[in-house]
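K.L.:
What follows is final-v2.txt, made up of compact mmCIF, C-alpha atoms:
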# COMPACT_ATOMS: atom_id res chain seq x y z
CA MET F 15 -150.28 100.14 72.32
CA ASN F 16 -149.70 102.31 75.36
CA GLU F 17 -153.11 102.30 77.01
CA THR F 18 -154.01 103.57 80.43
CA PRO F 19 -157.17 102.55 82.29
CA ARG F 20 -159.65 105.39 82.60
CA VAL F 21 -159.59 107.16 85.96
CA GLN F 22 -162.91 106.40 87.63
CA GLU F 23 -164.87 109.63 88.11
CA PRO F 24 -168.51 110.18 89.01
CA HIS F 25 -170.54 109.43 85.92
CA GLN F 26 -172.25 112.39 84.34
CA GLU F 27 -175.77 112.37 83.04
CA VAL F 28 -175.68 112.48 79.27
CA TRP F 29 -177.86 115.59 79.05
CA GLN F 30 -174.99 117.90 80.02
CA ARG F 31 -172.59 116.57 77.41
CA PRO F 32 -171.78 119.05 74.61
CA PHE F 33 -172.36 116.35 71.96
CA VAL F 34 -175.84 115.62 73.28
CA LEU F 35 -176.66 119.33 73.53
CA ALA F 36 -175.52 119.81 69.93
CA GLN F 37 -177.44 116.75 68.65
CA GLN F 38 -180.40 117.06 71.00
CA GLU F 39 -183.09 115.84 68.62
CA TRP F 40 -181.29 112.67 67.54
CA CYS F 41 -180.01 111.86 71.04
CA GLY F 42 -183.40 112.56 72.62
CA ALA F 43 -185.19 110.19 70.25
CA PHE F 44 -182.50 107.53 70.77
CA VAL F 45 -182.69 107.70 74.58
CA LEU F 46 -186.49 107.81 74.56
CA GLU F 47 -186.80 104.65 72.47
CA LEU F 48 -184.37 102.73 74.69
CA ARG F 49 -186.11 104.05 77.83
CA LEU F 50 -189.45 102.84 76.48
CA ARG F 51 -187.82 99.45 75.94
CA GLU F 52 -186.81 99.50 79.64
CA VAL F 53 -183.09 99.39 78.93
CA PRO F 54 -181.06 100.36 82.06
CA GLY F 55 -179.85 103.98 82.10
CA PRO F 56 -176.09 103.24 82.21
CA VAL F 57 -176.47 100.88 79.21
CA ILE F 58 -178.23 103.65 77.26
CA GLY F 59 -175.44 106.03 78.27
CA GLU F 60 -172.83 103.60 77.00
CA ARG F 61 -174.60 103.20 73.65
CA LEU F 62 -174.81 106.97 73.33
CA ALA F 63 -171.11 107.28 74.20
CA GLU F 64 -170.31 104.86 71.34
CA VAL F 65 -172.22 107.15 68.98
CA GLU F 66 -170.49 110.24 70.40
CA ARG F 67 -167.00 108.78 70.06
CA HIS F 68 -167.64 107.42 66.56
CA CYS F 69 -169.01 110.76 65.34
CA ALA F 70 -166.11 112.64 66.95
CA GLU F 71 -163.59 110.46 65.09
CA SER F 72 -165.36 110.11 61.76
CA GLY F 73 -166.63 113.69 61.60
CA GLU F 74 -170.10 112.40 60.72
CA THR F 75 -173.40 113.41 62.26
CA PRO F 76 -175.32 110.73 64.23
CA ALA F 77 -177.96 110.65 61.51
CA GLY F 78 -175.27 110.26 58.82
CA ALA F 79 -173.42 107.44 60.56
CA PHE F 80 -176.26 105.64 62.33
CA GLY F 81 -179.40 106.62 60.42
CA ASP F 82 -182.74 107.23 62.09
CA ALA F 83 -182.33 107.39 65.89
CA THR F 84 -185.40 105.31 66.74
CA SER F 85 -184.60 102.58 64.21
CA TYR F 86 -180.99 102.42 65.38
CA ALA F 87 -182.10 102.23 69.03
CA ARG F 88 -184.33 99.25 68.21
CA GLN F 89 -181.55 97.58 66.22
CA ILE F 90 -178.87 97.99 68.88
CA ASP F 91 -181.29 96.85 71.59
CA VAL F 92 -182.14 93.65 69.70
CA GLU F 93 -178.43 92.82 69.48
CA SER F 94 -177.63 93.74 73.10
CA SER F 95 -177.96 92.02 76.46
CA PRO F 96 -181.63 91.46 77.38
CA GLU F 97 -181.09 93.18 80.77
CA ARG F 98 -184.16 95.23 81.76
CA VAL F 99 -185.19 97.53 84.61
CA SER F 100 -188.58 97.77 86.28
CA GLY F 101 -188.15 101.16 88.00
CA ALA F 102 -190.93 102.73 85.93
CA TRP F 103 -193.44 100.14 87.18
CA THR F 104 -192.38 100.60 90.81
CA ILE F 105 -192.78 104.36 90.57
CA ALA F 106 -196.13 103.94 88.77
CA ALA F 107 -197.37 101.64 91.55
CA LEU F 108 -196.18 104.06 94.26
CA GLY F 109 -197.75 106.98 92.37
CA ALA F 110 -201.05 105.11 91.99
CA ALA F 111 -201.14 104.33 95.70
CA GLN F 112 -200.42 107.98 96.49
CA VAL F 113 -203.21 109.22 94.19
CA VAL F 114 -205.72 106.91 95.85
CA ALA F 115 -204.54 107.88 99.35
CA LEU F 116 -204.72 111.55 98.34
CA ILE F 117 -208.28 111.30 96.99
CA VAL F 118 -209.62 109.27 99.92
CA GLY F 119 -207.60 111.16 102.55
CA THR F 120 -208.56 114.68 101.47
CA ALA F 121 -212.22 113.62 101.23
CA ALA F 122 -211.90 112.27 104.76
CA THR F 123 -210.34 115.55 105.96
CA ARG F 124 -213.30 117.50 104.54
CA THR F 125 -215.75 115.18 106.28
CA TRP F 126 -213.73 115.41 109.50
CA ALA F 127 -213.81 119.23 109.37
CA GLU F 128 -217.58 119.10 108.88
CA GLY F 129 -217.91 116.70 111.83
CA GLY F 130 -219.50 113.93 109.74
CA VAL F 131 -218.78 110.25 109.05
CA LEU F 132 -216.93 109.30 105.89
CA THR F 133 -219.00 107.10 103.58
CA TRP F 134 -218.23 105.61 100.20
CA ASN F 135 -220.83 104.07 97.90
CA ALA F 136 -220.21 101.34 95.32
CA VAL F 137 -220.05 103.78 92.37
CA GLN F 138 -217.42 105.89 94.11
CA VAL F 139 -215.33 102.81 94.90
CA ALA F 140 -215.58 101.73 91.25
CA CYS F 141 -214.58 105.21 90.02
CA LEU F 142 -211.63 105.20 92.40
CA ALA F 143 -210.57 101.79 91.07
CA LEU F 144 -210.76 103.18 87.52
CA VAL F 145 -208.45 106.08 88.37
CA LEU F 146 -206.11 103.63 90.10
CA LEU F 147 -205.96 101.51 86.94
CA VAL F 148 -205.21 104.54 84.75
CA VAL F 149 -202.31 105.62 87.00
CA LEU F 150 -200.97 102.07 87.15
CA ALA F 151 -201.06 101.85 83.34
CA VAL F 152 -198.96 105.01 82.89
CA PRO F 153 -195.75 103.11 81.94
CA ARG F 154 -197.70 101.30 79.22
CA LEU F 155 -199.41 104.50 78.11
CA VAL F 156 -196.23 106.52 77.57
CA ARG F 157 -195.48 105.15 74.09
CA PRO F 158 -199.07 105.54 72.74
CA LEU F 159 -199.19 109.00 74.35
CA ILE F 160 -196.08 110.00 72.41
CA THR F 161 -196.97 108.39 69.10
CA HIS F 162 -200.71 109.20 69.14
CA THR F 163 -200.86 112.16 71.52
CA TRP F 164 -204.13 113.61 70.24
CA VAL F 165 -205.95 110.28 70.33
CA VAL F 166 -204.71 108.67 73.54
CA GLY F 167 -204.21 111.88 75.56
CA PRO F 168 -207.85 113.11 75.41
CA ALA F 169 -209.06 109.53 76.00
CA VAL F 170 -207.05 109.24 79.23
CA VAL F 171 -208.12 112.70 80.41
CA ALA F 172 -211.76 111.92 79.56
CA LEU F 173 -211.58 108.68 81.54
CA VAL F 174 -210.26 110.40 84.66
CA VAL F 175 -212.75 113.29 84.33
CA LEU F 176 -215.65 110.83 83.88
CA ALA F 177 -214.53 108.87 86.93
CA SER F 178 -214.34 112.08 88.99
CA LEU F 179 -217.74 113.27 87.77
CA GLY F 180 -219.27 109.83 88.33
CA SER F 181 -217.95 109.80 91.87
CA ALA F 182 -219.24 113.30 92.60
CA VAL F 183 -222.69 112.71 91.07
CA SER F 184 -223.17 109.35 92.75
CA GLY F 185 -222.46 111.01 96.11
CA ARG F 186 -225.68 112.98 95.64
CA PHE F 187 -227.93 110.20 94.38
CA VAL F 188 -226.61 106.89 95.73
CA THR F 189 -227.09 106.71 99.45
CA SER F 190 -226.20 103.10 100.23
CA SER F 191 -222.80 103.22 101.88
CA VAL F 192 -220.29 100.39 101.55
CA LEU F 193 -217.49 102.02 103.51
CA PRO F 194 -218.52 103.92 106.66
CA VAL F 195 -215.32 104.74 108.61
CA PRO F 196 -214.21 107.40 111.14
CA ALA F 197 -213.02 110.35 109.03
CA ALA F 198 -210.28 111.51 111.43
CA VAL F 199 -208.63 108.08 111.52
CA VAL F 200 -208.66 107.83 107.73
CA ALA F 201 -207.41 111.41 107.23
CA VAL F 202 -204.47 111.10 109.62
CA GLY F 203 -203.68 107.49 108.74
CA LEU F 204 -203.60 108.15 105.01
CA PHE F 205 -201.35 111.18 105.45
CA GLY F 206 -198.89 108.83 107.12
CA VAL F 207 -199.29 106.44 104.19
CA VAL F 208 -198.65 109.26 101.67
CA VAL F 209 -195.48 110.31 103.51
CA VAL F 210 -194.15 106.73 103.61
CA LEU F 211 -194.94 106.24 99.92
CA ALA F 212 -193.25 109.56 99.11
CA TRP F 213 -190.15 108.45 100.97
CA LEU F 214 -190.10 105.14 99.08
CA GLU F 215 -190.55 107.01 95.79
CA TYR F 216 -187.70 109.39 96.67
CA ARG F 217 -185.43 106.43 97.37
CA GLU F 218 -186.39 104.89 94.05
CA LEU F 219 -185.85 108.12 92.11
CA ALA F 220 -182.62 109.08 93.90
CA THR F 221 -181.07 105.71 93.11
CA ASP F 222 -182.78 105.44 89.75
CA ASP F 223 -180.68 104.21 86.85
CA LEU F 224 -179.97 107.60 85.32
CA VAL F 225 -178.70 107.80 81.76
CA THR F 226 -175.05 108.34 82.59
CA SER F 227 -172.11 108.50 80.22
CA PRO F 228 -168.99 106.37 80.76
CA LEU F 229 -166.97 109.26 79.28
CA THR F 230 -165.14 111.79 81.45
CA PRO F 231 -167.59 114.44 82.73
CA ALA F 232 -167.49 117.81 81.01
CA ALA F 233 -165.94 120.55 83.14
CA GLY F 234 -168.12 122.78 85.29
CA ASP F 235 -170.86 120.32 86.13
CA GLY F 236 -170.42 120.32 89.90
CA ALA F 237 -174.11 121.09 90.37
CA GLN F 238 -175.08 117.67 89.00
CA GLN F 239 -175.47 115.99 92.39
CA VAL F 240 -177.59 118.86 93.72
CA ARG F 241 -179.74 118.83 90.59
CA ARG F 242 -180.15 115.06 90.86
CA ARG F 243 -181.39 115.38 94.46
CA TRP F 244 -183.86 118.10 93.50
CA ASN F 245 -185.06 116.06 90.53
CA ALA F 246 -185.93 113.27 92.98
CA LEU F 247 -187.22 115.48 95.79
CA VAL F 248 -189.66 117.75 93.93
CA PRO F 249 -191.97 115.08 92.44
CA THR F 250 -191.97 113.00 95.61
CA ALA F 251 -192.77 115.97 97.88
CA LEU F 252 -195.71 116.88 95.67
CA ALA F 253 -198.21 114.37 97.11
CA PRO F 254 -197.64 115.16 100.84
CA VAL F 255 -197.71 118.91 100.12
CA CYS F 256 -200.94 118.58 98.09
CA TYR F 257 -202.41 116.44 100.86
CA LEU F 258 -201.70 119.11 103.49
CA ALA F 259 -202.88 121.95 101.25
CA LEU F 260 -206.12 120.25 100.21
CA GLY F 261 -206.70 118.95 103.72
CA ALA F 262 -206.27 122.44 105.22
CA VAL F 263 -208.83 124.07 102.91
CA PRO F 264 -212.00 122.79 104.71
CA TRP F 265 -210.63 123.86 108.10
CA PHE F 266 -209.91 127.43 107.03
CA VAL F 267 -212.58 127.98 104.36
CA GLY F 268 -215.28 126.17 106.24
CA MET C 21 -173.78 100.44 54.31
CA THR C 22 -171.93 101.80 51.28
CA VAL C 23 -169.55 99.31 49.71
CA SER C 24 -167.62 100.13 46.55
CA ALA C 25 -165.70 96.91 45.95
CA GLN C 26 -168.45 94.29 46.15
CA PRO C 27 -172.22 93.99 46.49
CA SER C 28 -173.25 94.79 50.05
CA GLU C 29 -175.06 91.43 50.32
CA TRP C 30 -171.74 89.59 49.99
CA LEU C 31 -170.11 91.60 52.75
CA ARG C 32 -173.12 91.27 55.05
CA GLY C 33 -172.61 87.52 55.16
CA VAL C 34 -168.96 87.70 56.20
CA LEU C 35 -168.76 91.03 58.03
CA GLU C 36 -168.80 89.39 61.46
CA LEU C 37 -165.91 87.15 60.47
CA CYS C 38 -163.98 90.14 59.10
CA VAL C 39 -164.58 92.12 62.30
CA LEU C 40 -163.46 89.17 64.45
CA ARG C 41 -160.32 89.01 62.31
CA VAL C 42 -159.57 92.70 62.95
CA ILE C 43 -160.12 92.37 66.71
CA ALA C 44 -157.89 89.27 66.76
CA GLU C 45 -154.97 91.56 65.89
CA GLY C 46 -155.27 93.21 69.32
CA PRO C 47 -157.60 95.36 71.43
CA THR C 48 -159.26 97.94 69.21
CA TYR C 49 -162.25 100.28 69.05
CA GLY C 50 -165.22 100.87 66.76
CA TYR C 51 -163.93 103.61 64.51
CA ALA C 52 -160.55 101.89 64.12
CA ILE C 53 -162.33 98.69 63.06
CA ALA C 54 -164.33 100.63 60.45
CA ALA C 55 -161.14 102.31 59.20
CA ARG C 56 -159.32 98.97 59.05
CA LEU C 57 -162.14 97.41 57.02
CA ALA C 58 -162.15 100.41 54.66
CA ALA C 59 -158.36 100.07 54.24
CA ALA C 60 -158.82 96.38 53.43
CA GLY C 61 -161.09 97.40 50.55
CA PHE C 62 -164.47 96.63 52.08
CA GLY C 63 -165.68 100.20 51.65
CA ASP C 64 -167.40 102.45 54.15
CA VAL C 65 -168.99 100.33 56.88
CA LYS C 66 -171.39 102.69 58.66
CA GLY C 67 -171.69 102.91 62.44
CA GLY C 68 -175.32 101.79 62.16
CA THR C 69 -174.07 98.48 60.74
CA LEU C 70 -170.91 98.02 62.78
CA TYR C 71 -172.03 98.74 66.35
CA PRO C 72 -175.03 96.38 66.45
CA LEU C 73 -172.64 93.67 65.23
CA LEU C 74 -170.16 94.56 68.00
CA ALA C 75 -173.02 94.50 70.51
CA ARG C 76 -173.92 91.00 69.33
CA LEU C 77 -170.31 89.85 69.75
CA GLU C 78 -170.36 91.29 73.28
CA LYS C 79 -173.68 89.61 74.10
CA ASN C 80 -172.37 86.28 72.82
CA LEU C 81 -169.21 86.68 74.98
CA LEU C 82 -166.94 86.61 71.93
CA VAL C 83 -165.36 89.91 73.01
CA THR C 84 -164.75 91.76 76.26
CA VAL C 85 -165.07 95.53 76.41
CA VAL C 86 -163.48 98.28 78.46
CA TRP C 87 -163.60 102.08 78.24
CA ARG C 88 -160.12 103.54 78.45
CA THR C 89 -157.73 106.01 76.90
CA GLY C 90 -155.07 104.87 74.48
CA ASP C 91 -151.82 106.62 73.46
CA GLY C 92 -152.90 109.77 75.29
CA GLY C 93 -155.97 109.98 73.07
CA PRO C 94 -159.61 110.24 74.10
CA GLU C 95 -161.56 107.53 75.91
CA ARG C 96 -162.70 104.76 73.66
CA LYS C 97 -164.50 101.47 74.07
CA TYR C 98 -161.89 98.79 73.38
CA PHE C 99 -162.88 95.35 72.21
CA THR C 100 -160.70 92.31 72.96
CA LEU C 101 -161.29 88.83 71.61
CA THR C 102 -162.04 86.17 74.24
CA ASP C 103 -161.04 82.51 73.96
CA ALA C 104 -164.54 81.79 72.69
CA GLY C 105 -164.04 84.58 70.14
CA HIS C 106 -160.76 83.03 68.94
CA ARG C 107 -162.48 79.66 68.55
CA GLU C 108 -165.36 81.27 66.68
CA LEU C 109 -162.88 82.99 64.35
CA GLU C 110 -161.01 79.75 63.63
CA HIS C 111 -164.26 77.90 63.04
CA GLY C 112 -165.50 80.71 60.78
CA LEU C 113 -162.27 80.76 58.79
CA ASP C 114 -162.51 77.00 58.18
CA ARG C 115 -166.11 77.31 57.02
CA TRP C 116 -165.27 80.29 54.82
CA GLN C 117 -162.32 78.48 53.22
CA ALA C 118 -164.53 75.48 52.43
CA PHE C 119 -167.31 77.68 51.09
CA SER C 120 -165.09 79.94 48.98
CA THR C 121 -163.31 76.90 47.52
CA ARG C 122 -166.68 75.38 46.65
CA VAL C 123 -167.84 78.61 45.00
CA THR C 124 -164.57 79.04 43.12
CA ASP C 125 -164.64 75.44 41.87
CA HIS C 126 -168.24 75.81 40.77
CA LEU C 127 -167.63 79.10 38.99
CA SER C 128 -164.45 77.79 37.32
CA ALA C 129 -166.24 74.69 36.07
CA ALA C 130 -169.13 76.78 34.82
CA ASP C 131 -166.72 79.22 33.21
CA ALA C 132 -165.24 76.44 31.09
CA THR C 133 -168.59 75.37 29.68
CA ILE C 134 -170.18 78.77 29.04
CA PRO C 135 -169.51 80.04 25.53
CA ARG C 136 -168.01 83.54 25.54
CA SER C 137 -170.05 86.18 23.76
CA ARG C 138 -168.26 87.84 20.87
CA PRO C 139 -167.15 91.44 21.43
Take the structure in this file and express it as structure tokens.

P.N.:
Amino acid sequence: MNETPRVQEPHQEVWQRPFVLAQQEWCGAFVLELRLREVPGPVIGERLAEVERHCAESGETPAGAFGDATSYARQIDVESSPERVSGAWTIAALGAAQVVALIVGTAATRTWAEGGVLTWNAVQVACLALVLLVVLAVPRLVRPLITHTWVVGPAVVALVVLASLGSAVSGRFVTSSVLPVPAAVVAVGLFGVVVVLAWLEYRELATDDLVTSPLTPAAGDGAQQVRRRWNALVPTALAPVCYLALGAVPWFVG
Amino acid sequence: MTVSAQPSEWLRGVLELCVLRVIAEGPTYGYAIAARLAAAGFGDVKGGTLYPLLARLEKNLLVTVVWRTGDGGPERKYFTLTDAGHRELEHGLDRWQAFSTRVTDHLSAADATIPRSRP
């Protein structure tokens, strides 16, 4: 057999491959199930490439050759290496820290603009802890959110809304402060924290294990690197930008 | 899995051995293995059956894998038997020979004592 090793080229994300575009529903369900099982992106890409090559040679559809995408994903994962990634948990933890810094920091900015002292009562601290827990649990909530969207989704939203309302209401009626701190120090300090967390998140997302195919990239996908950078930059820039925007409101609106 | 020549339960028990036997002939890829099994009379072994088995062989270090082109064709994932894979194949063949002999002996002995129904 006259075989030549494959020329190493930059790996392409699977989403631009014609096969995946043509079989979007099956491939999407397959990738989602393996992602939820925390299988590394390149491993998912390799499994998808097996399906692509087999279907190309046999002329079958993925559903015809491999059956239901979710069931097949579970089956192939059980038989594969137990290698797992924890990127989702790192990003969830960074996101949770950013949310808390954003809530506390923008409240501090408002107090700073009004010339007051930032105070937090026990109910507000508890509500903040509740929101923190919800954000931290996001990786675990993804599967129930997908499978039982109309049950889990409203429950999560209700929890966050109740925590926000509880915090706001307690600010009017509970006067005993557990956290009196200079507002300016908190506002500026937490902006620094948000920026550092955003940078860490960007690093995590930019080097994240994308679902890449071992097959030769399709022609005309030179924009992939740019798109990948934007995909990492936009979500990570969100928290610092929100912080500045929300923090500026009290200064200009009064 | 659709099998025309024998009940699928029979093949399920020995499919891994049959796949190891195909890979022992030289580096090969998934679809070629399925085609080889079909040509050997095992019927249509679906991708949903074959690839999890190949993944298990890879996990158990019985095969090595590499993506490459062959004969100017497209890129494929080639499977090559490792030394452990060769040993597993030999061990499996011995066990299969012993088992099939036992089954054949049993069925032959039973065949002699069972009265044939009249046509």

K.L.:
Name the closest residue to chain F among the candidates C:Leu70, C:Ala44, C:Val34, C:Leu57; distances are taken between atoms, counting only C-alpha atoms.

P.N.:
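Smallest distance to chain F is found for C:Leu70.
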
K.L.:
Would you mind listing, as an NGL selection string, all residues of chain F that have at least one atom within 12 Å of chain C, where only C-alpha atoms are what counts?

P.N.:
:F and (15-22 or 57 or 60-97 or 227-231)

K.L.:
List as a compact mmCIF listing (two decimals) with C-alpha atoms, keeping the file's coordinate frame the protein and nucleic acid residues near segment 159-161 of chain F, meaning an atom at most 12 Å away when all atoms listed in the file are counted, but skip any in the same chain fewer than 3 places from it.

P.N.:
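Saved to selection_22.txt:
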# COMPACT_ATOMS: atom_id res chain seq x y z
CA ALA F 43 -185.19 110.19 70.25
CA LEU F 46 -186.49 107.81 74.56
CA GLU F 47 -186.80 104.65 72.47
CA LEU F 50 -189.45 102.84 76.48
CA ALA F 151 -201.06 101.85 83.34
CA VAL F 152 -198.96 105.01 82.89
CA PRO F 153 -195.75 103.11 81.94
CA ARG F 154 -197.70 101.30 79.22
CA LEU F 155 -199.41 104.50 78.11
CA VAL F 156 -196.23 106.52 77.57
CA TRP F 164 -204.13 113.61 70.24
CA VAL F 165 -205.95 110.28 70.33
CA VAL F 166 -204.71 108.67 73.54
CA GLY F 167 -204.21 111.88 75.56
CA PRO F 168 -207.85 113.11 75.41
CA ALA F 169 -209.06 109.53 76.00
CA VAL F 170 -207.05 109.24 79.23
CA VAL F 171 -208.12 112.70 80.41

K.L.:
Suppose you want the space between atom CA of Ala201 of chain F and atom CA of Val248 of chain F; what is it in Å?

P.N.:
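Here the two named atoms are 23.1 Å from each other.
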
K.L.:
For Ala253 of chain F, list every protein, DNA or RNA residue within 8 Å, evaluated using all atoms listed in the file, and leave out those in the same chain fewer than 2 positions away; present the list as a PyMOL selection string.

P.N.:
chain F and resi 112-113+116+208+212+249-251+255-257

K.L.:
How would the residues just picked look written out with C-alpha atoms as an mmCIF file, in the coordinates of the input?

P.N.:
data_model
loop_
_atom_site.group_PDB
_atom_site.id
_atom_site.type_symbol
_atom_site.label_atom_id
_atom_site.label_comp_id
_atom_site.auth_asym_id
_atom_site.auth_seq_id
_atom_site.Cartn_x
_atom_site.Cartn_y
_atom_site.Cartn_z
ATOM 1 C CA GLN F 112 -200.420 107.980 96.490
ATOM 2 C CA VAL F 113 -203.210 109.220 94.190
ATOM 3 C CA LEU F 116 -204.720 111.550 98.340
ATOM 4 C CA VAL F 208 -198.650 109.260 101.670
ATOM 5 C CA ALA F 212 -193.250 109.560 99.110
ATOM 6 C CA PRO F 249 -191.970 115.080 92.440
ATOM 7 C CA THR F 250 -191.970 113.000 95.610
ATOM 8 C CA ALA F 251 -192.770 115.970 97.880
ATOM 9 C CA VAL F 255 -197.710 118.910 100.120
ATOM 10 C CA CYS F 256 -200.940 118.580 98.090
ATOM 11 C CA TYR F 257 -202.410 116.440 100.860
#

K.L.:
Could I see segment 56-64 of chain C restored to all heavy atoms, set down as a tab-separated table (two decimals), in the frame of the given file?

P.N.:
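Contents of selection.tsv, as written:
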chain	number	residue	atom	x	y	z
C	56	ARG	N	-160.11	100.14	59.47
C	56	ARG	CA	-159.32	98.97	59.05
C	56	ARG	C	-160.05	98.22	57.92
C	56	ARG	O	-159.42	97.75	56.97
C	56	ARG	CB	-159.12	98.07	60.27
C	56	ARG	CG	-158.37	96.80	60.06
C	56	ARG	CD	-156.87	97.01	59.95
C	56	ARG	NE	-156.21	95.72	59.91
C	56	ARG	CZ	-156.20	94.92	58.85
C	56	ARG	NH1	-156.80	95.30	57.74
C	56	ARG	NH2	-155.56	93.76	58.90
C	57	LEU	N	-161.35	98.09	58.06
C	57	LEU	CA	-162.14	97.41	57.02
C	57	LEU	C	-162.12	98.22	55.72
C	57	LEU	O	-162.02	97.65	54.62
C	57	LEU	CB	-163.59	97.22	57.49
C	57	LEU	CG	-163.80	96.22	58.64
C	57	LEU	CD1	-165.24	96.29	59.16
C	57	LEU	CD2	-163.48	94.79	58.18
C	58	ALA	N	-162.20	99.55	55.85
C	58	ALA	CA	-162.15	100.41	54.66
C	58	ALA	C	-160.79	100.26	53.98
C	58	ALA	O	-160.71	100.15	52.75
C	58	ALA	CB	-162.41	101.85	55.05
C	59	ALA	N	-159.72	100.22	54.80
C	59	ALA	CA	-158.36	100.07	54.24
C	59	ALA	C	-158.18	98.72	53.55
C	59	ALA	O	-157.40	98.59	52.61
C	59	ALA	CB	-157.33	100.25	55.35
C	60	ALA	N	-158.92	97.72	54.03
C	60	ALA	CA	-158.82	96.38	53.43
C	60	ALA	C	-159.66	96.28	52.15
C	60	ALA	O	-159.70	95.22	51.51
C	60	ALA	CB	-159.28	95.33	54.44
C	61	GLY	N	-160.35	97.38	51.81
C	61	GLY	CA	-161.09	97.40	50.55
C	61	GLY	C	-162.56	97.03	50.67
C	61	GLY	O	-163.24	96.81	49.67
C	62	PHE	N	-163.05	96.99	51.90
C	62	PHE	CA	-164.47	96.63	52.08
C	62	PHE	C	-165.41	97.83	51.97
C	62	PHE	O	-166.62	97.67	52.11
C	62	PHE	CB	-164.66	95.95	53.45
C	62	PHE	CG	-164.02	94.60	53.53
C	62	PHE	CD1	-162.98	94.35	54.41
C	62	PHE	CD2	-164.44	93.57	52.70
C	62	PHE	CE1	-162.38	93.10	54.48
C	62	PHE	CE2	-163.85	92.31	52.77
C	62	PHE	CZ	-162.80	92.08	53.65
C	63	GLY	N	-164.84	99.02	51.78
C	63	GLY	CA	-165.68	100.20	51.65
C	63	GLY	C	-166.04	100.80	53.00
C	63	GLY	O	-165.47	100.43	54.03
C	64	ASP	N	-167.01	101.69	52.95
C	64	ASP	CA	-167.40	102.45	54.15
C	64	ASP	C	-168.46	101.68	54.94
C	64	ASP	O	-169.62	101.66	54.57
C	64	ASP	CB	-167.94	103.81	53.69
C	64	ASP	CG	-168.37	104.67	54.85
C	64	ASP	OD1	-167.94	104.38	55.99
C	64	ASP	OD2	-169.14	105.62	54.62
